[in-house]
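Take a look at the structure below.
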Amino acid sequence: MIVGIDIGGTKIAVAGFAGGPGGSVRRVTAVHTRPTPAREGGEAIVRAVADAVAMVAGTAEITAAGVGTAGVVGADGGIASATDAIRGWAGFPLRAALGHALGVPPAVVNDVHAAAVAEAAAGAGRGARGLLMVTVGTGIGGAVVLPDGLRTGVTGTAGSVGHTELALPTALADRRCGCGAIGHVEAVASGPALEQTYRERTGVALPLREVDAAARAGDPVASEVIAEGARFLGRALAGAQAVLDVEVVAVGGGVAAIGERYLDEVARAYRAAAMPGPAVARVRPAELGIDATLTGAALLAVS
Ligand SMILES: [Zn+2]
């Protein structure tokens, strides 16, 4: 059995897959989830993953395993850097520790990188000549899958569209990004960034889904806050496409779940800012949802 593993800051998910023709995979078990013991750190997480894998696999032999994880993954499959959502995650030798626990050395990549592999094979980028994927949620993650496969980069950060610097209006120019820099698109277009902008303009603190509800009900400030975030993202995607020139740009994550209004605005801003060639790329919603990381991890396990 091929095992796909998704390690997030709040939840671990594991499922079993069978290999198919052309390096494809097909899920053959239920998805088992459990809370991430984030406060207990890496060794506890490895024990939790190993327990979950044992539940999923039963008596089946594990032939290959793949992991999509929170954090930046180094060339050795260890966590090169991470937020403090998981205690001691930065520096944890994940590939080595899981290899010991599972009996097979797993493929380990960042969770957005894994999700993009699945979207390229069976989702928004199916059949396309290259995919740039971006996920807009608590932060903004991204990934590049070229026709010959995933590009993780030298430091594991390839596709980090959220850390593109943009010229910003004065009121937003001092926003600090999750990475520590000033002026990155994540600081003005992530979910928390949109909530902050709405709060600054109205004095009212609302979660993003209520800002979205207000926009739908005709609140012009709420509408503009969401549209502005979409435009910032579109401009950053245009910059990335000047380098990549891939056929499909997929947008996923909690903010993209706002839907068509949001994605149309991203696409408009993207086309307005992109050079004529790459501007023809299709901007589409990501299709595979929460199982994308698991599926991509399983695909990487057999690739
Ligand atoms: Zn940044």
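Following the order of the structure tokens, chains are lettered A, B, ..., residues in each are numbered from 1, and ligands are numbered from 1.
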
So which residues touch stretch 115-117 of chain A within 9 Å, counting only C-alpha atoms, skipping near sequence neighbours fewer than 3 positions away, as number ranges by chain?
-> A: 68, 110-112, 120-123, 125, 131-134, 142-145, 149-150, 250, 286, 288-297, 299-300

What residues have any atom no more than 10 Å from ligand 1 when counting only C-alpha atoms and all ligand atoms, and can you list them as a ChimeraX atom specification?
-> /A:139-140,160-165,176-187

Near stretch 83-97 of chain A, counting only C-alpha atoms, which residues have an atom at most 8 Å away, once you skip same-chain residues fewer than 6 positions from it, shown as a PyMOL selection string?
-> chain A and resi 9+38-43+46+71+76-77+105-108

DSSP strand (DSSP E) selection over stretch 50-273 of chain A, as a PyMOL selection string = chain A and resi 64-69+72-73+79-81+107-110+131-136+140-146+149-151+248-252

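Neighbouring residues of A:Ala30 at 10 Å or closer, counting only C-alpha atoms and skipping chain neighbours under 3 positions away, are Val14, Ala15, Gly16, Phe17, Arg27, Thr33 and Val56 of chain A.
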
Output of the above residues as a short mmCIF file (atom, residue, chain, number, x, y, z; two decimals), in the first residue's frame, restricted to C-alpha atoms:
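Contents of again-v1.cif, freshly written:
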```
data_model
loop_
_atom_site.label_atom_id
_atom_site.label_comp_id
_atom_site.auth_asym_id
_atom_site.auth_seq_id
_atom_site.Cartn_x
_atom_site.Cartn_y
_atom_site.Cartn_z
CA VAL A 14 -3.47 9.81 6.39
CA ALA A 15 -4.91 7.61 3.63
CA GLY A 16 -3.92 4.50 1.72
CA PHE A 17 -3.55 4.49 -2.06
CA ARG A 27 -7.33 6.18 -2.80
CA THR A 33 -7.59 12.36 10.64
CA VAL A 56 -5.08 2.90 7.80
#
```

Within 9 Å of stretch 206-220 of chain A, counting only C-alpha atoms, which residues show up once you throw out same-chain ones fewer than 4 positions away? Write them as a list in words, please.
->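 Answer for this query is Gly191, Pro192, Leu194, Glu195, Gln196, Tyr198, Arg199, Glu224, Val225, Ile226, Val255 and Ile258 of chain A.
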
Write out, as a JSON list (two decimals), in the first residue's frame, the residues just selected, with N, CA and C atoms.
```
[["chain", "number", "residue", "atom", "x", "y", "z"],
["A", 191, "GLY", "N", -6.09, 35.98, 4.26],
["A", 191, "GLY", "CA", -7.35, 36.11, 5.00],
["A", 191, "GLY", "C", -7.22, 37.09, 6.17],
["A", 192, "PRO", "N", -6.25, 36.89, 7.08],
["A", 192, "PRO", "CA", -6.10, 37.83, 8.19],
["A", 192, "PRO", "C", -5.81, 39.26, 7.72],
["A", 194, "LEU", "N", -7.00, 40.71, 4.97],
["A", 194, "LEU", "CA", -8.26, 41.32, 4.55],
["A", 194, "LEU", "C", -9.11, 41.70, 5.77],
["A", 195, "GLU", "N", -9.10, 40.84, 6.79],
["A", 195, "GLU", "CA", -9.82, 41.16, 8.03],
["A", 195, "GLU", "C", -9.25, 42.44, 8.66],
["A", 196, "GLN", "N", -7.93, 42.56, 8.65],
["A", 196, "GLN", "CA", -7.28, 43.75, 9.23],
["A", 196, "GLN", "C", -7.66, 45.01, 8.44],
["A", 198, "TYR", "N", -10.33, 45.54, 6.64],
["A", 198, "TYR", "CA", -11.73, 45.89, 6.91],
["A", 198, "TYR", "C", -11.86, 46.57, 8.27],
["A", 199, "ARG", "N", -11.14, 46.06, 9.25],
["A", 199, "ARG", "CA", -11.18, 46.63, 10.61],
["A", 199, "ARG", "C", -10.63, 48.05, 10.60],
["A", 224, "GLU", "N", -14.92, 46.29, -1.57],
["A", 224, "GLU", "CA", -13.64, 46.84, -2.04],
["A", 224, "GLU", "C", -12.45, 46.16, -1.34],
["A", 225, "VAL", "N", -12.60, 45.84, -0.06],
["A", 225, "VAL", "CA", -11.51, 45.16, 0.67],
["A", 225, "VAL", "C", -11.19, 43.83, -0.02],
["A", 226, "ILE", "N", -12.22, 43.07, -0.36],
["A", 226, "ILE", "CA", -12.02, 41.77, -1.00],
["A", 226, "ILE", "C", -11.46, 41.94, -2.41],
["A", 255, "VAL", "N", -9.56, 31.87, 1.25],
["A", 255, "VAL", "CA", -9.99, 33.14, 0.67],
["A", 255, "VAL", "C", -10.58, 32.92, -0.72],
["A", 258, "ILE", "N", -14.30, 32.28, -1.41],
["A", 258, "ILE", "CA", -15.27, 33.36, -1.64],
["A", 258, "ILE", "C", -15.95, 33.14, -2.98]]
```

Leaving out stretch 20-23 of chain A and any residue of its chain fewer than 3 positions from it, which residues lie within 9 Å of it when counting only C-alpha atoms, given as a list in words?
->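 The filter keeps Arg26, Leu299, Val302 and Ser303 of chain A.
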
Could you turn the residues from that selection into a file that holds N, CA and C atoms, as a PDB file, in the first residue's frame?
```
ATOM      1  N   ARG A  26      -4.769   5.896  -6.691  1.00  0.00           N
ATOM      2  CA  ARG A  26      -6.204   5.848  -6.416  1.00  0.00           C
ATOM      3  C   ARG A  26      -6.357   5.550  -4.929  1.00  0.00           C
ATOM      4  N   LEU A 299       1.289  10.576  -4.810  1.00  0.00           N
ATOM      5  CA  LEU A 299       1.878  10.622  -6.154  1.00  0.00           C
ATOM      6  C   LEU A 299       3.406  10.774  -6.071  1.00  0.00           C
ATOM      7  N   VAL A 302       5.504   7.645  -5.342  1.00  0.00           N
ATOM      8  CA  VAL A 302       5.755   6.649  -6.400  1.00  0.00           C
ATOM      9  C   VAL A 302       6.398   7.268  -7.630  1.00  0.00           C
ATOM     10  N   SER A 303       6.736   8.551  -7.576  1.00  0.00           N
ATOM     11  CA  SER A 303       7.317   9.193  -8.766  1.00  0.00           C
ATOM     12  C   SER A 303       8.842   9.153  -8.717  1.00  0.00           C
TER      13      SER A 303
END
```

Interatomic distance, atom CA of A:Thr135 to atom CA of A:Gly156 (Å, one decimal) |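 Interatomic distance, atom CA of A:Thr135 to atom CA of A:Gly156: 16.4 Å.
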
Please report, as JSON, numbers by chain, each residue of stretch 69-155 of chain A to which DSSP assigns alpha helix (DSSP H) when run on this structure's backbone.
-> {"A": [94, 95, 96, 97, 98, 99, 100, 101, 102, 111, 112, 113, 114, 115, 116, 117, 118, 119, 120, 121, 122]}

Select, from A:Thr63, A:Thr170, A:Thr69, A:Thr157, the residue with the minimum atom-to-atom distance to A:Ala13, counting only C-alpha atoms.
-> A:Thr69

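Taking atom CA of A:Val28 as the reference point, atom CA of A:Gly127 is found at 24.0 Å.
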
Between A:Pro37, A:Glu228, A:Ala301, A:Ala124, which one has atoms that come closest to A:Val283, using only C-alpha atoms?
->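 Closest to A:Val283, using only C-alpha atoms: A:Ala124.
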